[in-house]
Structures are given as structure tokens and as C-alpha cells.
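Source file: my_file.cif (mmCIF, C-alpha atoms and all ligand atoms)
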data_my_file
#
loop_
_atom_site.label_atom_id
_atom_site.label_comp_id
_atom_site.auth_asym_id
_atom_site.auth_seq_id
_atom_site.Cartn_x
_atom_site.Cartn_y
_atom_site.Cartn_z
CA MET A 1 -9.19 -16.44 13.94
CA PRO A 2 -6.24 -16.73 16.37
CA ASN A 3 -6.40 -14.80 19.65
CA ARG A 4 -3.66 -12.42 18.61
CA PHE A 5 -6.04 -11.01 15.96
CA MET A 6 -8.17 -9.59 18.79
CA PHE A 7 -7.48 -6.15 20.31
CA SER A 8 -4.97 -6.19 23.16
CA GLY A 9 -3.57 -2.66 22.96
CA ARG A 10 -0.10 -3.82 21.99
CA SER A 11 1.69 -3.55 18.67
CA HIS A 12 2.51 -6.66 16.61
CA VAL A 13 5.53 -5.07 14.92
CA PRO A 14 8.57 -3.41 16.54
CA LEU A 15 8.06 0.36 16.84
CA ASN A 16 10.71 3.00 17.48
CA SER A 17 10.06 5.86 19.90
CA VAL A 18 8.66 8.16 17.17
CA GLN A 19 6.27 5.48 15.98
CA THR A 20 5.16 4.59 19.51
CA ALA A 21 4.41 8.23 20.36
CA LEU A 22 2.48 8.65 17.10
CA ARG A 23 0.54 5.43 17.63
CA ASP A 24 -0.49 6.58 21.12
CA ALA A 25 -1.45 10.07 19.87
CA ILE A 26 -3.59 8.63 17.05
CA GLN A 27 -5.31 6.14 19.38
CA ASP A 28 -6.02 9.05 21.73
CA LYS A 29 -7.69 10.97 18.87
CA LEU A 30 -9.78 7.87 18.10
CA ASP A 31 -10.74 7.38 21.76
CA LYS A 32 -11.80 11.02 22.16
CA GLY A 33 -13.79 11.03 18.91
CA TYR A 34 -11.59 13.68 17.26
CA TYR A 35 -10.78 11.04 14.64
CA LYS A 36 -14.24 9.85 13.64
CA LEU A 37 -14.98 6.40 12.27
CA GLU A 38 -17.93 5.69 9.96
CA ASP A 39 -19.81 2.48 9.06
CA CYS A 40 -19.51 1.22 5.49
CA HIS A 41 -20.73 -1.54 3.14
CA CYS A 42 -18.70 -3.83 0.92
CA LEU A 43 -17.89 -2.62 -2.60
CA CYS A 44 -20.00 -5.49 -4.00
CA GLY A 45 -23.08 -4.07 -2.26
CA ALA A 46 -23.55 -6.97 0.19
CA ASP A 47 -23.89 -6.34 3.90
CA ASP A 48 -22.90 -9.73 5.31
CA ASP A 49 -19.50 -9.64 6.98
CA VAL A 50 -17.42 -11.50 9.52
CA ILE A 51 -14.88 -9.71 11.72
CA ILE A 52 -11.47 -11.33 11.24
CA ALA A 53 -9.40 -8.90 13.32
CA GLY A 54 -10.12 -6.40 16.11
CA THR A 55 -6.69 -4.81 15.83
CA ASP A 56 -4.03 -4.00 13.26
CA ARG A 57 -0.28 -4.45 13.30
CA TYR A 58 0.24 -1.23 15.28
CA GLY A 59 -2.31 -2.23 17.94
CA PHE A 60 -5.07 0.23 17.00
CA ALA A 61 -8.58 -0.76 18.07
CA ILE A 62 -10.04 -1.16 14.56
CA ASN A 63 -12.00 -3.97 12.95
CA THR A 64 -11.11 -5.68 9.68
CA VAL A 65 -14.06 -7.58 8.23
CA ILE A 66 -14.38 -9.98 5.31
CA CYS A 67 -17.43 -9.97 3.02
CA ARG A 68 -19.11 -13.39 3.01
CA SER A 69 -20.21 -12.82 -0.57
CA CYS A 70 -17.16 -11.62 -2.53
CA GLY A 71 -14.29 -12.08 -0.04
CA ILE A 72 -13.03 -8.47 -0.14
CA LEU A 73 -11.60 -7.35 3.23
CA ARG A 74 -12.13 -3.86 4.58
CA ILE A 75 -11.88 -1.76 7.73
CA ASP A 76 -15.36 -1.21 9.17
CA PRO A 77 -16.04 1.23 10.72
CA ARG A 78 -13.37 3.17 8.83
CA PRO A 79 -11.73 6.59 9.21
CA SER A 80 -13.64 9.34 7.39
CA ARG A 81 -12.21 11.28 4.42
CA GLY A 82 -11.44 14.26 6.68
CA VAL A 83 -9.54 12.07 9.15
CA LEU A 84 -7.53 10.48 6.34
CA LYS A 85 -6.46 13.86 4.95
CA GLU A 86 -5.01 14.90 8.30
CA PHE A 87 -3.54 11.43 8.90
CA TYR A 88 -1.70 11.36 5.54
CA SER A 89 -0.49 14.95 5.82
CA ARG A 90 0.90 14.68 9.33
CA GLU A 91 1.26 11.11 10.55
CA TYR A 92 1.24 8.33 7.97
CA GLN A 93 4.82 8.33 6.66
CA ASP A 94 6.43 8.55 10.08
CA LEU A 95 4.21 5.79 11.41
CA TYR A 96 4.83 3.58 8.38
CA TRP A 97 8.48 4.05 7.51
CA ASP A 98 10.24 3.65 10.85
CA ALA A 99 11.25 7.25 10.21
CA GLU A 100 14.82 8.32 10.58
CA PRO A 101 16.08 11.23 8.46
CA GLU A 102 18.60 9.17 6.51
CA ASN A 103 15.83 6.75 5.51
CA ILE A 104 14.36 9.29 3.06
CA SER A 105 17.34 8.86 0.72
CA ASP A 106 17.15 5.06 1.06
CA HIS A 107 13.44 5.25 0.33
CA PHE A 108 14.04 7.46 -2.72
CA ARG A 109 16.65 5.05 -4.09
CA ALA A 110 14.27 2.11 -3.61
CA GLN A 111 11.60 4.09 -5.44
CA VAL A 112 13.94 4.69 -8.38
CA THR A 113 14.68 0.96 -8.60
CA GLY A 114 10.93 0.30 -8.55
CA GLY A 115 10.41 2.98 -11.22
CA VAL A 116 12.95 1.38 -13.58
CA TYR A 117 11.17 -1.95 -13.16
CA MET A 118 7.73 -0.36 -13.65
CA LYS A 119 8.84 1.55 -16.76
CA ASP A 120 10.21 -1.62 -18.41
CA PHE A 121 7.14 -3.59 -17.27
CA ILE A 122 4.81 -1.10 -18.99
CA LYS A 123 6.99 -0.85 -22.10
CA GLY A 124 7.13 -4.64 -22.41
CA HIS A 125 3.39 -5.19 -22.08
CA LEU A 126 2.44 -2.30 -24.38
CA ASN A 127 5.25 -3.03 -26.84
CA ILE A 128 6.29 0.64 -26.98
CA SER A 129 9.83 2.01 -27.33
CA GLY A 130 9.63 4.68 -24.63
CA PHE A 131 7.84 7.63 -23.05
CA ARG A 132 9.36 10.59 -24.96
CA GLY A 133 6.83 13.42 -25.20
CA LYS A 134 4.26 11.60 -23.06
CA THR A 135 2.69 12.98 -19.88
CA VAL A 136 2.98 10.76 -16.79
CA MET A 137 1.05 11.54 -13.60
CA GLU A 138 1.54 9.64 -10.33
CA ILE A 139 -1.00 9.93 -7.51
CA GLY A 140 0.60 9.09 -4.14
CA CYS A 141 4.15 9.60 -5.42
CA SER A 142 5.84 10.02 -1.99
CA ALA A 143 9.37 11.35 -2.78
CA GLY A 144 8.86 10.95 -6.55
CA GLY A 145 11.60 8.37 -7.14
CA ILE A 146 9.37 6.19 -9.33
CA LEU A 147 8.91 9.12 -11.72
CA LEU A 148 12.64 9.74 -12.19
CA PRO A 149 13.25 6.89 -14.71
CA PHE A 150 10.22 8.11 -16.72
CA LEU A 151 11.64 11.67 -16.68
CA GLU A 152 15.03 10.39 -17.86
CA ASP A 153 13.24 8.52 -20.65
CA GLY A 154 11.88 11.82 -21.99
CA ALA A 155 8.45 11.96 -20.32
CA ASP A 156 6.87 15.07 -18.84
CA VAL A 157 6.23 13.89 -15.26
CA ARG A 158 4.18 15.14 -12.34
CA GLY A 159 3.36 13.66 -8.94
CA TYR A 160 1.04 14.44 -6.05
CA ASP A 161 1.40 13.41 -2.41
CA TYR A 162 0.43 14.68 1.04
CA ASN A 163 3.88 14.40 2.65
CA LYS A 164 5.68 17.73 2.21
CA SER A 165 9.13 16.64 3.39
CA TYR A 166 9.20 13.73 0.92
CA LEU A 167 8.07 16.01 -1.90
CA GLU A 168 10.76 18.53 -1.00
CA TYR A 169 13.43 15.82 -0.99
CA GLY A 170 12.43 14.63 -4.48
CA ARG A 171 12.49 18.19 -5.85
CA SER A 172 15.96 18.72 -4.37
CA ILE A 173 17.26 15.65 -6.24
CA ASN A 174 15.95 16.69 -9.66
CA ARG A 175 14.21 19.96 -10.54
CA GLY A 176 12.51 18.17 -13.45
CA LEU A 177 10.38 16.29 -10.94
CA ASP A 178 7.20 18.37 -10.74
CA LEU A 179 5.96 17.26 -7.30
CA ARG A 180 2.92 18.90 -5.75
CA HIS A 181 1.01 18.68 -2.49
CA GLY A 182 -2.33 16.85 -2.62
CA GLY A 183 -4.14 13.69 -3.55
CA ILE A 184 -6.61 12.43 -6.12
CA ASP A 185 -9.08 15.29 -5.46
CA GLU A 186 -6.43 17.96 -6.12
CA VAL A 187 -5.39 16.23 -9.38
CA LYS A 188 -9.05 16.14 -10.44
CA ASN A 189 -9.37 19.86 -9.77
CA THR A 190 -6.60 20.71 -12.25
CA GLY A 191 -8.91 19.64 -15.10
CA GLU A 192 -5.89 18.27 -16.98
CA ARG A 193 -5.62 14.88 -18.72
CA PHE A 194 -2.60 12.64 -19.08
CA ASP A 195 -1.22 9.84 -21.28
CA PHE A 196 -0.20 7.64 -18.34
CA LEU A 197 -1.48 7.52 -14.78
CA ILE A 198 0.29 5.62 -12.00
CA MET A 199 -1.52 4.56 -8.82
CA ASN A 200 0.96 2.34 -7.05
CA HIS A 201 -0.47 1.00 -3.76
CA VAL A 202 -2.94 3.88 -3.52
CA LEU A 203 -6.40 2.44 -4.15
CA GLU A 204 -6.47 0.44 -0.90
CA HIS A 205 -6.02 3.71 1.03
CA LEU A 206 -9.08 5.42 -0.44
CA VAL A 207 -12.60 5.53 1.00
CA ASP A 208 -14.20 4.82 -2.39
CA PRO A 209 -11.94 2.85 -4.79
CA LYS A 210 -14.71 2.53 -7.40
CA GLU A 211 -15.06 6.30 -7.55
CA ALA A 212 -11.25 6.60 -7.75
CA VAL A 213 -11.15 4.28 -10.78
CA GLN A 214 -13.68 6.49 -12.56
CA THR A 215 -11.67 9.59 -11.58
CA ALA A 216 -8.66 7.85 -13.16
CA PHE A 217 -10.78 7.31 -16.30
CA ASN A 218 -11.54 11.05 -16.44
CA LEU A 219 -7.90 11.99 -15.88
CA LEU A 220 -6.66 9.98 -18.86
CA LYS A 221 -6.61 11.07 -22.48
CA ASP A 222 -8.36 8.87 -25.06
CA GLY A 223 -6.46 5.55 -25.18
CA GLY A 224 -4.58 6.51 -21.99
CA ILE A 225 -2.96 3.89 -19.78
CA LEU A 226 -3.46 3.27 -16.05
CA TYR A 227 -0.82 1.38 -14.05
CA LEU A 228 -2.51 0.10 -10.91
CA SER A 229 -1.18 -2.03 -8.10
CA VAL A 230 -2.56 -3.01 -4.70
CA PRO A 231 -1.27 -5.37 -2.00
CA SER A 232 -2.92 -8.69 -2.80
CA ILE A 233 -4.74 -10.95 -0.38
CA LYS A 234 -3.22 -13.99 -2.08
CA ASN A 235 0.32 -12.86 -2.82
CA ALA A 236 2.39 -14.94 -0.40
CA ASN A 237 5.57 -12.96 -1.14
CA TYR A 238 3.97 -9.74 0.09
CA TYR A 239 3.88 -11.10 3.63
CA LYS A 240 7.62 -11.73 3.73
CA SER A 241 8.11 -8.09 4.65
CA HIS A 242 5.21 -8.15 7.12
CA ASP A 243 6.30 -10.58 9.80
CA LYS A 244 5.24 -13.42 7.46
CA SER A 245 1.74 -13.06 8.83
CA TYR A 246 -1.57 -11.72 7.67
CA LEU A 247 -1.94 -9.59 10.80
CA GLY A 248 1.33 -7.90 9.85
CA SER A 249 -0.28 -6.65 6.63
CA LEU A 250 -3.32 -5.15 8.36
CA HIS A 251 -3.02 -1.50 9.23
CA ILE A 252 -5.27 1.44 9.82
CA ALA A 253 -4.44 2.96 6.42
CA HIS A 254 -5.41 -0.14 4.39
CA LEU A 255 -9.16 0.35 4.06
CA TYR A 256 -9.49 -2.52 1.52
CA HIS A 257 -7.70 -5.75 0.62
CA PHE A 258 -8.20 -7.09 -2.90
CA SER A 259 -7.48 -10.24 -4.84
CA ARG A 260 -6.87 -10.03 -8.59
CA ASN A 261 -10.51 -10.96 -9.29
CA ALA A 262 -11.82 -8.45 -6.76
CA LEU A 263 -9.87 -5.64 -8.40
CA MET A 264 -11.14 -6.67 -11.84
CA SER A 265 -14.70 -6.29 -10.55
CA ILE A 266 -14.37 -2.52 -9.99
CA MET A 267 -12.64 -1.67 -13.30
CA ASP A 268 -15.55 -0.25 -15.29
CA ASN A 269 -14.45 1.62 -18.45
CA PHE A 270 -11.03 -0.05 -18.56
CA GLU A 271 -9.67 -2.87 -20.73
CA PRO A 272 -7.11 -5.02 -18.89
CA ILE A 273 -3.85 -5.41 -20.82
CA PHE A 274 -2.16 -7.42 -18.06
CA VAL A 275 -3.11 -8.20 -14.44
CA ASP A 276 -1.54 -10.78 -12.14
CA GLU A 277 -2.27 -12.11 -8.65
CA LYS A 278 0.34 -9.80 -7.04
CA VAL A 279 -1.94 -7.54 -7.83
CA ARG A 280 -0.43 -5.22 -10.46
CA GLY A 281 -2.07 -4.34 -13.69
CA ILE A 282 -1.96 -2.28 -16.84
CA PHE A 283 -5.33 -1.04 -18.05
CA LYS A 284 -6.31 0.87 -21.18
CA ARG A 285 -9.01 3.55 -21.00
CA SER A 286 -11.97 1.96 -22.80
CA PRO A 287 -15.30 3.85 -22.51
CA GLY A 288 -18.29 1.55 -22.04
CA LYS A 289 -16.26 -1.56 -21.12
CA LYS A 290 -17.95 -3.38 -18.21
CA ALA A 291 -16.02 -4.66 -15.21
CA GLU A 292 -16.09 -8.38 -14.38
CA LYS A 293 -18.61 -9.73 -11.85
CA PHE A 294 -17.64 -9.71 -8.18
CA PRO A 295 -15.94 -13.01 -7.27
CA ARG A 296 -17.09 -15.44 -4.58
CA GLU A 297 -13.81 -15.81 -2.74
CA TYR A 298 -14.80 -15.86 0.93
CA ASP A 299 -13.75 -19.50 1.44
CA SER A 300 -10.52 -19.33 -0.54
CA ASN A 301 -9.44 -16.05 1.10
CA ILE A 302 -10.06 -17.40 4.62
CA ARG A 303 -8.13 -20.57 3.72
CA PHE A 304 -5.21 -18.47 2.44
CA ILE A 305 -5.12 -16.26 5.55
CA LEU A 306 -5.11 -19.27 7.90
CA TRP A 307 -2.43 -20.98 5.81
CA ARG A 308 -0.31 -17.82 6.00
CA GLU A 309 -0.89 -17.57 9.77
CA ASN A 310 0.09 -21.19 10.38
CA SER A 311 3.03 -21.46 7.97
CA VAL A 312 6.22 -22.76 9.56
CA SER A 313 8.31 -19.74 8.56
CA GLY A 314 5.69 -17.41 10.03
CA LEU A 315 5.52 -19.32 13.30
CA ILE A 316 9.30 -19.30 13.61
CA SER A 317 9.52 -15.61 12.83
CA ARG A 318 6.84 -14.67 15.38
CA LYS A 319 7.01 -17.15 18.20
CA PHE A 320 10.55 -18.36 18.73
CA ASP A 321 13.63 -16.57 19.97
CA VAL A 322 16.93 -16.93 18.16
CA PHE A 323 19.34 -19.17 20.04
CA LEU A 324 23.03 -18.39 19.86
CA TYR A 325 25.22 -21.42 19.63
CA GLY A 326 29.00 -21.57 19.69
CA HIS A 327 32.16 -21.11 21.68
CA TYR A 328 32.91 -17.92 23.54
CA PHE A 329 34.40 -15.97 20.62
CA TYR A 330 31.71 -16.99 18.12
CA THR A 331 28.92 -16.18 20.55
CA ARG A 332 30.37 -12.71 21.09
CA LEU A 333 30.60 -12.28 17.31
CA LEU A 334 26.97 -13.27 16.85
CA ARG A 335 25.84 -10.97 19.65
CA ALA A 336 27.60 -8.07 17.90
CA PHE A 337 25.02 -8.31 15.11
CA LYS A 338 22.41 -6.74 17.30
CA PHE A 339 24.41 -3.49 17.37
CA LEU A 340 24.47 -3.23 13.57
CA PRO A 341 22.10 -0.77 11.86
CA LYS A 342 18.68 -2.30 11.36
CA ARG A 343 18.76 -1.86 7.59
CA TRP A 344 21.90 -4.07 7.39
CA LEU A 345 20.27 -6.79 9.45
CA SER A 346 17.13 -6.69 7.32
CA ARG A 347 19.19 -8.12 4.45
CA PHE A 348 19.71 -11.28 6.47
CA THR A 349 16.13 -11.92 7.46
CA PHE A 350 14.30 -14.70 5.66
ZN ZN A 401 -18.47 -8.05 -0.98
#

Rewrite the structure of this file - the entire thing - as C-alpha cells.
Amino acid sequence: MPNRFMFSGRSHVPLNSVQTALRDAIQDKLDKGYYKLEDCHCLCGADDDVIIAGTDRYGFAINTVICRSCGILRIDPRPSRGVLKEFYSREYQDLYWDAEPENISDHFRAQVTGGVYMKDFIKGHLNISGFRGKTVMEIGCSAGGILLPFLEDGADVRGYDYNKSYLEYGRSINRGLDLRHGGIDEVKNTGERFDFLIMNHVLEHLVDPKEAVQTAFNLLKDGGILYLSVPSIKNANYYKSHDKSYLGSLHIAHLYHFSRNALMSIMDNFEPIFVDEKVRGIFKRSPGKKAEKFPREYDSNIRFILWRENSVSGLISRKFDVFLYGHYFYTRLLRAFKFLPKRWLSRFTF
């Protein structure tokens, strides 16, 4: 892999002062052994890996390996369950979201837009008219914006997340949003079952995704539906928001990277209704249904990653400065763009 995939101590994405301080504090916990890492095997059971990166986009000293049998990527050694609980409760959102207070409302609005899309996506594939009277649970709901369109459609909604300020914001927007502190273990402990379960970009954060899928099975009523999505190894569009590079998508919280086929290989007791290469899927609870065999995607995944790394748009975005060209007035006008809020400029990136 390219040299920049090796540890150098520097970040590969721009960090604000809050993010930089957090990154340094977390690396310090790793260095001192307060944040413990543990060795792990691939989900397919093989123990034959190649290291593809010795760092992530924030510059943490962590290894991402690829399994030479199935092609699933994972962090190894990885943070333990105890470390992850503290990390998600106290550090993750601020490290991830380029945190500024006003961004919570932007984030909530984006979640609502995503929720409208998800609701129609599920309705279309299941051919149902709506969610009236149904129970909808989301694990990893953040501020709960995805649940709002389901609530407005008549569903009884509940969400769990570790970030208290995001939960509080969602509750302040709509009291019908039942948002609680915790993760998959806390949902399991309620002993309740639901008609619909949403795990949107959650599975890749968990130490044992296979166990999480079976927990999802136990949380659903008979015939219940699981909406599951994970960032895909082979979804080129995903990398547009990550510096157009594979390294940009690697971070300490992504313990696994799946393709569509890799996800299908851990879905015991679920019947796929629809799954694409993005990877997002709708699965029906189906006791006894066997998952597909693990794929053999080492070669094709490596080819994709190198193609992504060497794409022209990625090279331009990472390696070249922007040149300003024009007469005095136009140059001053162009330079003014750098003083605009970052979220405005992000609309013009390609
Ligand atoms: Zn494997």
C-alpha cells in the first residue's frame, strides 16, 4: 500500500482544535495502556491477514488488516468493549462530527431527511402502506432525527445512543421521540420485542457483529423487519465524503469493513428482502434460515482500494493545491471564499 497508509502521527483529514485535543488525549490513553487493545480473528474464522494500514484518518497508531480468505477488513488489535463504551459516551461524536454547537441542529435535519428516505425505502420494498401502530426501535440513533418521520407516520418509536447531548436535543424537538441512553446491550436487557429494528451504520462499530445480528433476531417479533446498513468496501460514492480515498474512510471506530457478500455471510436467521452493494438491506426475521457462505473477495477488494487510492479525482483532492486565476478583483473575490463557513463551502466540493 502507499506510504501514507503507514503511521506517521499526523492526521489525514483537517481537524479543528476540539478534534485535535481529543485525538491527542485518546492517543495518550492508548500509549499508556489505559485504552487497551486486544487481538482478534476474522469473522470467517481464518487467521491469515495482511496489514493494509498502520494508521487511520485521524492519525491514530492502529492497524487495519484484510483477511486473505474472505476479504473482510478489520482493526486488529482492536479496542476492547470497555474502551468502546467510554469512547462512545465521551469522545466519539466530537471527534467525528467536527463539533460546533450549531452543528447538532444541522445533523438532526440531515437525519430527518435520511429518515424520510429510509421510511419510503422500507415501505416500497415491503409493499406496505405505513407504520401506524407498529413499534420501531433504532440502535445508535444519535439525535433521533431518523425516527421522526416514522413517529409522524403513526409508529411508536424508541431509540438508544450513548451521546447524552444528542439525545437531549432530539427530545427537545419532539417529546414523542423516546430516546434513551445505551447501546445494543441495554436494549437487550429491556426484554422487549419490536416490529421494526433499525441499525444504520452501527454493525461496523461493534466488537462482534455476528452476535449483534442474533441479538437483533431476538429483539424482533415473529416476522419482524431489520433495516441494516454499513459503509461498503466497494461503494465508490461513500468515499466522496472521505477525501475520495480509502484511508479517509478508515477510523478507529470502524472495527469492520464489509462488502454486500460479506454482510450476507453473517445473516443467520434472516431472509434478505433487498440488499445492494452500498451496503443497505432489509431483512425479515426467519428462524432457521442459513447465511450465505463467506465470499473470497481478497483480490477484488484490494483492486478496488488501489483504484480508489489512484483515481484522478482523489489525487487532485489530496495532492494538489487550488490555484487562483484572474485579475485583481476576481482573485480577491475567490480568496473571500475561504472566510465563508465551512458548511457552505462543502456544497461546492466535488
Ligand atoms: Zn475472513

Which residues sit within 10 Å of ligand ZN 401 (chain A), counting all atoms listed in the file, listed as a CSV table (one decimal) with C-alpha atoms, in the coordinates of the input?
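Saved result, pocket36.csv, follows:
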chain,number,residue,atom,x,y,z
A,41,HIS,CA,-20.7,-1.5,3.1
A,42,CYS,CA,-18.7,-3.8,0.9
A,43,LEU,CA,-17.9,-2.6,-2.6
A,44,CYS,CA,-20.0,-5.5,-4.0
A,45,GLY,CA,-23.1,-4.1,-2.3
A,46,ALA,CA,-23.6,-7.0,0.2
A,47,ASP,CA,-23.9,-6.3,3.9
A,48,ASP,CA,-22.9,-9.7,5.3
A,49,ASP,CA,-19.5,-9.6,7.0
A,66,ILE,CA,-14.4,-10.0,5.3
A,67,CYS,CA,-17.4,-10.0,3.0
A,68,ARG,CA,-19.1,-13.4,3.0
A,69,SER,CA,-20.2,-12.8,-0.6
A,70,CYS,CA,-17.2,-11.6,-2.5
A,71,GLY,CA,-14.3,-12.1,0.0
A,72,ILE,CA,-13.0,-8.5,-0.1
A,73,LEU,CA,-11.6,-7.4,3.2
A,74,ARG,CA,-12.1,-3.9,4.6
A,262,ALA,CA,-11.8,-8.4,-6.8
A,294,PHE,CA,-17.6,-9.7,-8.2
A,295,PRO,CA,-15.9,-13.0,-7.3
A,296,ARG,CA,-17.1,-15.4,-4.6
A,297,GLU,CA,-13.8,-15.8,-2.7
A,298,TYR,CA,-14.8,-15.9,0.9

Who sits within 7 Å of A:Gly182, all atoms listed in the file, same chain under 2 positions skipped, as an MDAnalysis selection string: chainID A and resid 160:162 180 186

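With distances taken over all atoms listed in the file, A:Lys289 is the one residue among A:His254, A:Lys289, A:His107, A:Lys119 lying closest to A:Glu271.
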
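The gap separating atom CA of A:Tyr246 from atom CA of A:Trp307 is 9.5 Å, in Å to one decimal.
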
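Atom CA of A:Gly191 to atom CA of A:Ile146 spans 23.4 Å [interatomic distance, one decimal].
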
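Each of A:Phe270, A:Phe60, A:Phe196, A:Tyr166 was checked against A:Ser89 using all atoms listed in the file; the smallest atom-to-atom distance is that of A:Tyr166.
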
Across A:Met1, A:Ile51, A:Met6, A:Ala291, the smallest distance to A:Lys210, with all atoms listed in the file counted, is shown by A:Ala291
